[in-house]
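final.cif follows; it contains mmCIF, C-alpha atoms.
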data_input
#
loop_
_atom_site.label_atom_id
_atom_site.label_comp_id
_atom_site.auth_asym_id
_atom_site.auth_seq_id
_atom_site.Cartn_x
_atom_site.Cartn_y
_atom_site.Cartn_z
CA MET G 479 -14.66 -11.82 -0.17
CA LYS G 480 -12.71 -14.97 -0.93
CA THR G 481 -14.31 -17.99 0.70
CA LEU G 482 -12.39 -19.61 3.50
CA LEU G 483 -12.57 -23.00 1.82
CA SER G 484 -10.89 -21.73 -1.32
CA LEU G 485 -8.32 -19.97 0.85
CA LEU G 486 -7.45 -23.21 2.58
CA LEU G 487 -7.09 -24.99 -0.73
CA SER G 488 -5.00 -22.17 -2.15
CA VAL G 489 -2.64 -22.15 0.83
CA ALA G 490 -1.67 -25.68 -0.08
CA ALA G 491 -1.05 -24.76 -3.70
CA PHE G 492 1.06 -21.76 -2.82
CA GLY G 493 3.16 -23.45 -0.18
CA SER G 494 6.20 -24.36 -2.21
CA ALA G 495 6.25 -21.15 -4.24
CA ALA G 496 6.36 -18.94 -1.16
CA ALA G 497 9.48 -20.68 0.05
CA GLN G 498 11.32 -18.93 -2.78
CA ALA G 499 10.21 -15.44 -1.75
CA PRO G 500 13.09 -12.93 -1.67
CA GLU G 501 14.28 -11.93 1.76
CA GLU G 502 15.51 -8.59 2.94
CA ALA G 503 19.22 -8.61 3.70
CA ALA G 504 18.75 -6.74 6.96
CA GLU G 505 16.28 -9.26 8.37
CA THR G 506 17.25 -11.94 10.82
CA ALA G 507 16.57 -15.55 9.92
CA THR G 508 13.53 -15.68 12.18
CA ASP G 509 12.13 -12.44 10.77
CA SER G 510 12.52 -13.89 7.27
CA SER G 511 10.82 -17.05 8.38
CA ALA G 512 7.83 -15.12 9.73
CA ARG G 513 7.65 -13.13 6.52
CA SER G 514 7.87 -16.24 4.35
CA LYS G 515 5.06 -17.82 6.32
CA ALA G 516 2.93 -14.69 5.99
CA LEU G 517 3.63 -14.61 2.26
CA GLU G 518 2.65 -18.26 2.04
CA VAL G 519 -0.77 -17.53 3.49
CA ALA G 520 -1.19 -14.24 1.60
CA GLY G 521 -0.17 -15.92 -1.64
CA ALA G 522 -3.24 -18.10 -1.38
CA PHE G 523 -5.39 -15.05 -2.06
CA THR G 524 -3.71 -14.15 -5.34
CA ASN G 525 -5.62 -16.86 -7.20
CA ASP G 526 -8.73 -14.95 -6.27
CA GLY G 527 -7.46 -11.68 -7.68
CA TYR G 528 -5.95 -10.23 -4.52
CA LYS G 529 -2.72 -8.26 -4.86
CA ILE G 530 -0.09 -8.56 -2.14
CA ARG G 531 1.40 -5.31 -0.88
CA ASP G 532 5.17 -5.39 -1.25
CA GLY G 533 5.60 -3.71 2.12
CA PHE G 534 5.48 -5.59 5.40
CA TRP G 535 5.64 -4.92 9.13
CA PRO G 536 8.05 -7.03 11.16
CA GLY G 537 8.43 -7.04 14.92
CA GLU G 538 8.24 -9.08 18.07
CA ILE G 539 5.05 -10.15 19.74
CA GLU G 540 4.39 -11.23 23.31
CA LYS G 541 1.34 -12.11 25.40
CA ASP G 542 -0.85 -9.24 26.64
CA ARG G 543 1.16 -6.82 24.52
CA GLY G 544 -0.58 -6.85 21.16
CA LYS G 545 1.00 -4.89 18.35
CA ILE G 546 -1.12 -2.32 16.51
CA LEU G 547 -0.58 -0.87 13.04
CA GLU G 548 -2.39 2.11 11.50
CA VAL G 549 -3.61 1.57 7.95
CA ASN G 550 -5.72 3.61 5.52
CA LEU G 551 -8.33 1.67 3.59
CA PHE G 552 -10.74 2.41 0.77
CA SER G 553 -14.44 1.59 0.84
CA GLY G 554 -15.28 -0.92 -1.87
CA ASN G 555 -11.94 -2.70 -1.64
CA GLU G 556 -11.61 -6.08 0.04
CA TYR G 557 -8.65 -6.71 2.32
CA TRP G 558 -7.00 -9.65 4.04
CA PHE G 559 -4.49 -8.81 6.78
CA VAL G 560 -2.13 -11.71 7.29
CA ALA G 561 0.26 -12.25 10.19
CA SER G 562 2.65 -15.06 10.95
CA ALA G 563 4.94 -15.63 13.90
CA THR G 564 7.67 -18.16 14.49
CA SER G 565 8.21 -20.57 17.37
CA PRO G 566 7.80 -20.31 20.37
CA ALA G 567 4.63 -18.41 19.42
CA ARG G 568 1.88 -21.02 19.02
CA LYS G 569 -1.35 -19.14 18.34
CA ILE G 570 -1.96 -15.59 17.15
CA VAL G 571 -5.02 -13.61 16.10
CA VAL G 572 -5.53 -10.59 13.84
CA THR G 573 -8.28 -8.05 14.53
CA VAL G 574 -9.37 -4.87 12.71
CA TYR G 575 -10.65 -1.72 14.46
CA ASP G 576 -12.01 1.56 13.15
CA ALA G 577 -10.42 4.94 13.88
CA SER G 578 -12.24 5.18 17.23
CA GLY G 579 -10.94 1.78 18.30
CA LYS G 580 -14.22 -0.09 17.80
CA PRO G 581 -13.71 -3.69 16.61
CA MET G 582 -14.94 -4.34 13.09
CA GLU G 583 -16.80 -7.37 11.83
CA ILE G 584 -14.23 -9.50 10.06
CA GLU G 585 -13.77 -12.91 8.53
CA ARG G 586 -11.11 -14.87 10.37
CA TYR G 587 -8.54 -17.45 9.36
CA SER G 588 -6.35 -19.09 11.95
CA ASP G 589 -3.72 -21.79 11.69
CA GLY G 590 -1.57 -21.87 14.81
CA ASN G 591 1.00 -19.11 14.60
CA SER G 592 -0.46 -17.78 11.35
CA ALA G 593 -3.72 -15.84 11.24
CA ALA G 594 -5.62 -13.53 8.93
CA ALA G 595 -8.55 -11.13 9.04
CA GLY G 596 -10.73 -10.40 6.02
CA PHE G 597 -12.37 -6.99 6.00
CA GLU G 598 -14.46 -4.86 3.63
CA PRO G 599 -14.67 -1.27 4.90
CA ASP G 600 -17.91 0.66 4.36
CA ILE G 601 -16.13 3.92 4.97
CA SER G 602 -12.73 5.00 3.61
CA GLY G 603 -10.17 6.19 6.10
CA LYS G 604 -8.06 5.16 9.06
CA TYR G 605 -8.26 1.74 10.69
CA PHE G 606 -6.10 -0.21 13.11
CA VAL G 607 -4.91 -3.79 12.72
CA LYS G 608 -3.92 -5.58 15.92
CA VAL G 609 -1.90 -8.76 16.22
CA ASP G 610 -2.24 -10.64 19.53
CA LEU G 611 -0.34 -13.62 20.83
CA LEU G 612 -2.83 -16.00 22.44
CA GLU G 613 -0.59 -18.99 23.16
CA GLY G 614 3.17 -19.41 23.34
CA GLU G 615 6.05 -17.11 24.14
CA LYS G 616 7.59 -13.93 22.77
CA ALA G 617 8.59 -14.38 19.12
CA PRO G 618 9.20 -12.51 15.86
CA PHE G 619 6.15 -11.86 13.70
CA CYS G 620 5.41 -10.27 10.34
CA LEU G 621 2.22 -8.61 9.11
CA LEU G 622 1.33 -7.83 5.51
CA TYR G 623 -1.86 -7.39 3.58
CA THR G 624 -3.60 -8.12 0.32
CA TYR G 625 -6.32 -6.14 -1.44
CA LYS G 626 -8.63 -6.28 -4.41
CA MET P 424 -1.17 -36.71 -5.72
CA ILE P 425 0.18 -34.12 -3.28
CA SER P 426 3.96 -34.07 -3.65
CA ASN P 427 4.58 -31.80 -0.68
CA PRO P 428 2.46 -32.97 2.24
CA ARG P 429 3.39 -30.20 4.66
CA PRO P 430 0.87 -27.62 3.47
CA PHE P 431 -1.77 -30.33 3.32
CA LEU P 432 -1.11 -31.25 6.94
CA CYS P 433 -1.37 -27.57 7.77
CA LEU P 434 -4.79 -27.59 6.20
CA LEU P 435 -5.92 -30.37 8.50
CA ALA P 436 -4.70 -28.35 11.45
CA ALA P 437 -6.26 -25.15 10.26
CA THR P 438 -8.97 -23.67 12.40
CA VAL P 439 -11.57 -21.42 10.90
CA LEU P 440 -13.26 -19.16 13.40
CA ALA P 441 -16.73 -17.76 12.92
CA ALA P 442 -17.04 -14.41 11.20
CA GLY P 443 -18.05 -11.53 13.37
CA THR P 444 -16.27 -12.51 16.57
CA LEU P 445 -15.67 -9.19 18.23
CA GLN P 446 -13.04 -8.13 20.71
CA ALA P 447 -12.84 -5.30 23.20
CA THR P 448 -12.59 -1.72 22.02
CA LEU P 449 -9.06 -0.35 21.82
CA THR P 450 -8.10 1.90 24.70
CA LYS P 451 -6.73 5.39 24.13
CA GLN P 452 -3.33 4.11 25.21
CA GLU P 453 -3.50 1.31 22.66
CA ILE P 454 -4.50 3.72 19.89
CA ALA P 455 -1.64 6.01 20.89
CA SER P 456 0.74 3.06 20.63
CA ALA P 457 -0.27 2.29 17.04
CA VAL P 458 2.64 2.21 14.65
CA GLN P 459 2.73 4.17 11.41
CA THR P 460 4.99 2.61 8.82
CA GLU P 461 5.20 4.09 5.38
CA ALA P 462 5.44 0.61 3.87
CA LEU P 463 1.85 -0.20 4.89
CA THR P 464 0.18 2.84 6.48
CA ILE P 465 0.23 4.79 3.23
CA PRO P 466 -1.82 3.03 0.54
CA ILE P 467 -0.31 2.69 -2.91
CA PRO P 468 -1.99 4.26 -5.95
CA GLY P 469 -2.97 0.76 -7.10
CA GLU P 470 -5.27 0.37 -4.08
CA PHE P 471 -6.80 3.76 -4.73
CA PHE P 472 -7.42 3.01 -8.40
CA SER P 473 -8.73 -0.47 -7.63
CA ALA P 474 -11.43 1.09 -5.44
CA MET P 475 -12.15 3.74 -8.09
CA ALA P 476 -12.59 1.14 -10.79
CA LYS P 477 -15.39 -0.45 -8.75
CA VAL P 478 -17.51 2.65 -8.27
CA GLY P 479 -17.00 4.28 -11.63
CA GLN P 480 -16.08 3.32 -15.14
CA PRO P 481 -13.10 5.63 -15.62
CA SER P 482 -11.63 5.93 -19.07
CA TRP P 483 -8.14 5.27 -17.75
CA SER P 484 -6.39 5.97 -21.04
CA GLN P 485 -7.76 9.50 -20.95
CA TYR P 486 -5.64 10.12 -17.87
CA LEU P 487 -2.39 8.80 -19.27
CA LYS P 488 0.36 11.37 -19.18
CA THR P 489 2.94 11.55 -21.94
CA GLY P 490 6.42 13.03 -21.99
CA ALA P 491 9.11 13.20 -19.37
CA PRO P 492 8.82 15.39 -16.28
CA ALA P 493 10.41 18.82 -16.67
CA THR P 494 14.19 18.79 -16.29
CA THR P 495 15.50 19.95 -12.95
CA ALA P 496 18.62 19.68 -10.82
CA SER P 497 16.63 19.66 -7.59
CA ARG P 498 16.85 16.24 -5.94
CA SER P 499 13.66 16.96 -4.02
CA ILE P 500 11.70 17.63 -7.18
CA ILE P 501 13.20 14.57 -8.87
CA ALA P 502 12.08 12.40 -5.92
CA LEU P 503 8.61 13.92 -6.04
CA ALA P 504 8.45 13.41 -9.81
CA LEU P 505 9.53 9.82 -9.39
CA GLY P 506 6.53 9.32 -7.11
CA THR P 507 4.15 10.85 -9.65
CA LEU P 508 5.58 8.52 -12.30
CA ILE P 509 4.84 5.51 -10.10
CA ALA P 510 1.21 6.66 -9.92
CA ASP P 511 1.18 7.15 -13.70
CA GLY P 512 2.49 3.61 -14.04
CA TYR P 513 -0.59 2.31 -12.21
CA ILE P 514 -2.81 4.39 -14.51
CA ALA P 515 -1.11 2.82 -17.55
CA VAL P 516 -1.73 -0.62 -16.02
CA GLU P 517 -5.41 0.18 -15.46
CA ALA P 518 -5.55 1.41 -19.07
CA ARG P 519 -3.98 -1.91 -20.16
CA ASP P 520 -1.46 0.12 -22.19
CA GLY P 521 1.74 -1.93 -22.30
CA GLN P 522 3.71 0.62 -24.31
CA ALA P 523 2.80 3.39 -21.87
CA VAL P 524 3.91 1.18 -18.96
CA LYS P 525 7.25 0.56 -20.68
CA ASN P 526 7.72 4.27 -21.38
CA ILE P 527 7.00 5.11 -17.76
CA GLY P 528 9.41 2.38 -16.64
CA LYS P 529 12.15 4.06 -18.70
CA GLU P 530 11.32 7.45 -17.20
CA ILE P 531 11.49 5.98 -13.70
CA LEU P 532 14.91 4.56 -14.50
CA SER P 533 16.05 7.89 -15.90
CA LEU P 534 15.04 9.74 -12.74
CA ALA P 535 16.53 7.01 -10.55
CA LYS P 536 19.87 7.51 -12.32
CA LYS P 537 19.77 11.19 -11.46
CA LEU P 538 19.38 10.23 -7.82
CA ASN P 539 22.09 7.54 -8.04
CA VAL P 540 19.63 4.80 -7.08
CA SER P 541 19.36 3.15 -10.47
CA GLN P 542 21.18 -0.15 -9.82
CA SER P 543 18.28 -1.94 -8.16
CA VAL P 544 15.76 -0.19 -10.40
CA LEU P 545 17.51 -1.42 -13.52
CA GLY P 546 16.40 -4.99 -12.95
CA ARG P 547 12.90 -3.86 -12.05
CA SER P 548 12.74 -1.78 -15.22
CA ASN P 549 13.56 -4.85 -17.29
CA SER P 550 10.89 -6.84 -15.45
CA ILE P 551 8.35 -4.09 -16.06
CA SER P 552 9.13 -4.26 -19.75
CA ASP P 553 8.77 -8.06 -19.80
CA PHE P 554 5.51 -8.05 -17.87
CA ALA P 555 4.16 -5.31 -20.14
CA ASP P 556 5.02 -7.40 -23.20
CA ASN P 557 3.10 -10.31 -21.65
CA ASN P 558 0.16 -8.17 -20.53
CA ASP P 559 0.70 -9.46 -16.99
CA TRP P 560 -1.12 -6.60 -15.29
CA ASN P 561 -1.20 -8.04 -11.77
CA ALA P 562 2.55 -8.64 -11.86
CA LEU P 563 3.04 -5.08 -13.11
CA ARG P 564 1.11 -3.67 -10.15
CA GLU P 565 3.34 -5.57 -7.75
CA GLU P 566 6.47 -4.63 -9.70
CA LEU P 567 5.63 -0.94 -9.55
CA GLU P 568 5.31 -1.05 -5.77
CA ALA P 569 8.48 -3.12 -5.49
CA THR P 570 10.29 -0.56 -7.66
CA GLN P 571 9.13 2.24 -5.43
CA ASN P 572 10.25 0.36 -2.32
CA GLU P 573 13.67 -0.43 -3.78
CA VAL P 574 14.21 3.19 -4.68
CA LYS P 575 13.35 4.14 -1.11
CA LEU P 576 15.64 1.47 0.28
CA ASP P 577 18.53 2.71 -1.86
CA MET P 578 17.82 6.28 -0.79
CA ALA P 579 17.94 5.27 2.86
CA GLU P 580 21.20 3.36 2.33
CA GLN P 581 22.72 6.46 0.75
CA ASN P 582 21.68 8.61 3.70
CA ASP P 583 19.02 10.25 1.56
CA GLU P 584 16.21 9.38 4.01
CA ASN P 585 14.71 12.81 3.50
CA LEU P 586 13.94 11.95 -0.12
CA VAL P 587 12.02 8.80 0.82
CA ILE P 588 8.90 10.59 1.99
CA LEU P 589 8.96 12.73 -1.14
CA VAL P 590 8.49 9.66 -3.36
CA SER P 591 5.41 8.65 -1.35
CA LEU P 592 4.22 12.25 -1.35
CA GLY P 593 4.55 12.55 -5.14
CA ALA P 594 2.65 9.30 -5.70
CA TRP P 595 -0.13 10.32 -3.33
CA ILE P 596 -0.50 13.80 -4.87
CA ARG P 597 -0.73 12.43 -8.40
CA GLY P 598 -3.17 9.71 -7.31
CA VAL P 599 -5.46 12.23 -5.63
CA GLU P 600 -5.20 14.60 -8.59
CA LEU P 601 -6.35 11.84 -10.92
CA VAL P 602 -9.13 10.40 -8.78
CA SER P 603 -10.50 13.82 -7.84
CA ASP P 604 -10.58 14.62 -11.56
CA MET P 605 -12.53 11.41 -12.26
CA VAL P 606 -14.94 12.04 -9.38
CA SER P 607 -15.46 15.67 -10.45
CA ALA P 608 -16.31 14.55 -13.97
CA ASN P 609 -18.93 12.05 -12.83
CA TYR P 610 -19.77 12.76 -9.21
CA THR P 611 -21.37 10.10 -7.05
CA PRO P 612 -21.27 9.88 -3.25
CA GLU P 613 -19.71 6.42 -3.53
CA SER P 614 -16.79 7.67 -5.59
CA ALA P 615 -16.37 10.81 -3.46
CA MET P 616 -16.05 8.64 -0.34
CA LEU P 617 -12.77 7.30 -1.69
CA LEU P 618 -11.21 10.71 -1.20
CA ARG P 619 -11.76 10.63 2.56
CA GLN P 620 -8.14 10.42 3.68
CA PRO P 621 -7.53 12.93 6.50
CA SER P 622 -5.06 10.82 8.41
CA ILE P 623 -2.87 10.41 5.34
CA VAL P 624 -2.78 14.16 4.84
CA GLU P 625 -1.95 14.68 8.50
CA TYR P 626 0.81 12.09 8.25
CA LEU P 627 2.29 13.71 5.13
CA ILE P 628 2.21 17.18 6.73
CA SER P 629 3.94 15.81 9.83
CA ARG P 630 6.61 14.17 7.69
CA ILE P 631 7.26 17.42 5.81
CA ASP P 632 7.47 19.24 9.14
CA SER P 633 10.04 16.73 10.36
CA LEU P 634 12.41 17.47 7.46
CA PRO P 635 15.48 19.64 8.09
CA ASP P 636 14.78 23.35 7.64
CA ALA P 637 16.90 23.55 4.49
CA ASP P 638 14.90 20.76 2.85
CA LYS P 639 11.42 21.82 3.82
CA SER P 640 12.00 25.39 2.78
CA GLU P 641 13.14 24.34 -0.69
CA ALA P 642 10.53 24.90 -3.41
CA PRO P 643 8.05 23.37 -3.93
CA LEU P 644 7.84 21.90 -0.40
CA PRO P 645 6.30 25.05 1.17
CA GLU P 646 3.71 25.14 -1.62
CA ILE P 647 2.99 21.44 -1.18
CA ARG P 648 2.57 21.82 2.55
CA ALA P 649 0.17 24.71 1.98
CA ALA P 650 -1.75 22.59 -0.53
CA LEU P 651 -2.01 19.74 1.98
CA THR P 652 -3.32 22.16 4.59
CA THR P 653 -5.94 23.29 2.08
CA ALA P 654 -6.75 19.67 1.26
CA LEU P 655 -7.21 18.50 4.86
CA PRO P 656 -10.76 19.84 5.41
CA LEU P 657 -11.70 18.72 1.89
CA VAL P 658 -10.80 15.09 2.53
CA SER P 659 -12.15 14.95 6.09
CA PRO P 660 -15.93 14.53 5.54
CA GLU P 661 -17.23 10.98 5.18
CA THR P 662 -18.53 11.98 1.74
CA PRO P 663 -16.82 15.06 0.29
CA SER P 664 -19.19 17.29 -1.72
CA LEU P 665 -18.76 17.99 -5.42
CA GLU P 666 -17.46 21.48 -4.60
CA GLN P 667 -14.92 20.03 -2.19
CA VAL P 668 -13.79 17.47 -4.76
CA GLN P 669 -13.39 20.15 -7.41
CA LEU P 670 -11.35 22.34 -5.08
CA LEU P 671 -9.25 19.33 -4.10
CA HIS P 672 -8.59 18.61 -7.77
CA SER P 673 -7.53 22.15 -8.63
CA THR P 674 -5.28 22.22 -5.57
CA MET P 675 -3.56 18.95 -6.42
CA LYS P 676 -3.30 19.81 -10.10
CA SER P 677 -1.44 23.02 -9.23
CA VAL P 678 0.98 21.05 -7.08
CA CYS P 679 1.55 18.44 -9.78
CA THR P 680 2.38 21.21 -12.22
CA LEU P 681 4.98 22.49 -9.79
CA ILE P 682 6.54 19.03 -9.67
CA THR P 683 6.45 17.83 -13.26
CA GLY P 684 5.55 20.85 -15.34
CA PRO P 685 2.27 21.25 -17.24
CA ALA P 686 0.45 17.99 -17.96
CA LYS P 687 0.57 16.53 -21.45
CA THR P 688 -2.07 13.98 -22.32
CA PRO P 689 -2.43 11.94 -25.51
#

Go through the file and emit its structure as C-alpha cells.
Amino acid sequence: MKTLLSLLLSVAAFGSAAAQAPEEAAETATDSSARSKALEVAGAFTNDGYKIRDGFWPGEIEKDRGKILEVNLFSGNEYWFVASATSPARKIVVTVYDASGKPMEIERYSDGNSAAAGFEPDISGKYFVKVDLLEGEKAPFCLLYTYK
Amino acid sequence: MISNPRPFLCLLAATVLAAGTLQATLTKQEIASAVQTEALTIPIPGEFFSAMAKVGQPSWSQYLKTGAPATTASRSIIALALGTLIADGYIAVEARDGQAVKNIGKEILSLAKKLNVSQSVLGRSNSISDFADNNDWNALREELEATQNEVKLDMAEQNDENLVILVSLGAWIRGVELVSDMVSANYTPESAMLLRQPSIVEYLISRIDSLPDADKSEAPLPEIRAALTTALPLVSPETPSLEQVQLLHSTMKSVCTLITGPAKTP
C-alpha cells in the first residue's frame, strides 16, 4: 500500500496536470470540478504504480444520506477509492464495507472535501464503498478508484 | 521552488486519519440502496489480470489470440466480440507485445466501424499505436478502458444502449476464460480465489434478462445466459476447487467460440 506521506507529496506534483483532465460534455461545471479534484488526488497514486479506472461515479451528497456504490474487488490487488465534492461540502469521508455490510479496515486520507480509502481485500468479491458528508451542505461529488 | 503553491497549501491542510477507524455496519436498507454502475461495479480485465500476475507467473504470450473474430452481420455478436478484443488487448499488454496490441487496436477499430461507433475510437486507436511503439504499458491499460467506455458512450448516443452491456459481457467472458485456463494449468487456492465473482454473474444475468425479448432471444444470448447460470455456483465459493475451475473454463471457452469462432493462438 502506498504510504500516506508519499501520497501527500504526489498530490502536490500532480496538481497542475489534473487540471487538464478531459471532461464529459454532459457533466455540469460543478460535476466536472468534483471529478477534476478526484482525479487530482487519484493521480497522486500513479507514481506508485496505481492505475486509475476511466469510469467514475458522479452524484450529489448530503448529510445523513451517504451514497453507497457496489464494487467487485480481487484479493491481492490494492485499491484506493477517492471521492471529492465541491463547495458547500466541507468535509467528506470514504468507507469500505464487505458484502454483509461490515466495515473493513482501511487506510484513510482526508483533505476537506476530498477523501480516500485504501483497501487490500483478503477475499475476492462484492464490497460496498460509502461516501458520507460530515460537514457542509448538499453538493455534487465524484467517486473513482485506482488499483494495482 | 514550488511554482504553484495551491497544492502545497492543500498539503498543509491535509488531515491523515489513523488506519483502522471503523464505522457502523451497513443496514439492510443501506445495502439495498447501493448503486450498481457498469463504469465501476464491473471490474475491467486489467484489474483481473493484475491480480493474477501476483499469484501466478502466467506466460501471457501463450494466451495471445491471433486473427480477426469470425465475420458476422449480427450487431450483438460484434459488440460481444469487441468486448473480447478489449480483454485480449490487456493480455497483449501483460505480454509486453507491442505489435499484438497494435493489431488488436486495428481489430477494435474494424469492429467499431461495423457498429458505426468508430469516430471516437479512431483517435484512441492512434493513441494505442503510439503508446505501443513507446512501450508505455500503463498508458495502454488506461487507453483500452477509455476506448471501451467511448464505444459504450457512442452506442448509448445512437440509441444502441442494448449493445453496451454486451461489450462488458464479452470482456468479462474472455477474461474469465483466460484466467480459469491459467488457474487450471497451475492450480493454487490463491489463484482460484480470484474467480470468486458471484455478484458479477448475477448482475450480467439480470442485464441480459432486462434486454428486449427480440435481443435476448438472438443467438448466442440464450447460450450465454445458460453458461452464466452454469458458472454461478462455480464462482460462488470463497475458493473454487480445481474441478470447478476446469468446468468454468470449458463453459467460458464454449461461449467464446460462439462469439469469435475457434481460438487461434500463435

Please write as a PyMOL selection string the full residue list that the PyMOL selection byres ((chain P and resi 569-586) around 7) yields on this file. (chain G and resi 532) or (chain P and resi 499+502+540+543-544+547+565-568+587-590+634)

Using all atoms listed in the file, determine which residues of chain G fall within 9 Å of chain P; present them as number ranges by chain. G: 482, 486-487, 489-494, 527-535, 544-555, 573, 575, 577-590, 601-604, 606-608, 622-623, 625-626

For range 663-680 of chain P, list every protein, DNA or RNA residue within 7 Å, evaluated using all atoms listed in the file, and leave out those in the same chain fewer than 2 positions away; present the list as a PDB file with C-alpha atoms, in the coordinates of the input.
ATOM      1  CA  ILE P 596      -0.500  13.800  -4.870  1.00  0.00           C
ATOM      2  CA  ARG P 597      -0.730  12.430  -8.400  1.00  0.00           C
ATOM      3  CA  GLU P 600      -5.200  14.600  -8.590  1.00  0.00           C
ATOM      4  CA  SER P 603     -10.500  13.820  -7.840  1.00  0.00           C
ATOM      5  CA  ASP P 604     -10.580  14.620 -11.560  1.00  0.00           C
ATOM      6  CA  SER P 607     -15.460  15.670 -10.450  1.00  0.00           C
ATOM      7  CA  TYR P 610     -19.770  12.760  -9.210  1.00  0.00           C
ATOM      8  CA  ALA P 615     -16.370  10.810  -3.460  1.00  0.00           C
ATOM      9  CA  MET P 616     -16.050   8.640  -0.340  1.00  0.00           C
ATOM     10  CA  ILE P 647       2.990  21.440  -1.180  1.00  0.00           C
ATOM     11  CA  ALA P 650      -1.750  22.590  -0.530  1.00  0.00           C
ATOM     12  CA  ALA P 654      -6.750  19.670   1.260  1.00  0.00           C
ATOM     13  CA  LEU P 657     -11.700  18.720   1.890  1.00  0.00           C
ATOM     14  CA  VAL P 658     -10.800  15.090   2.530  1.00  0.00           C
ATOM     15  CA  PRO P 660     -15.930  14.530   5.540  1.00  0.00           C
ATOM     16  CA  GLU P 661     -17.230  10.980   5.180  1.00  0.00           C
ATOM     17  CA  ILE P 682       6.540  19.030  -9.670  1.00  0.00           C
ATOM     18  CA  THR P 683       6.450  17.830 -13.260  1.00  0.00           C
ATOM     19  CA  GLY P 684       5.550  20.850 -15.340  1.00  0.00           C
ATOM     20  CA  PRO P 685       2.270  21.250 -17.240  1.00  0.00           C
ATOM     21  CA  ALA P 686       0.450  17.990 -17.960  1.00  0.00           C
TER      22      ALA P 686
END

If we draw a sphere of 9 Å around (7.3, -18.3, 7.1), which residues have at least one atom in it when counting all atoms listed in the file? Please report them as a PyMOL selection string. chain G and resi 496-497+508-519+562-564+592+620

Let me know the residues the PyMOL selection byres ((chain P and resi 488) around 12) catches in the file above, as an NGL selection string. :P and (483-487 or 489-492 or 507-515 or 518 or 520 or 523-524 or 526-527 or 530 or 597 or 601 or 679 or 683-689)
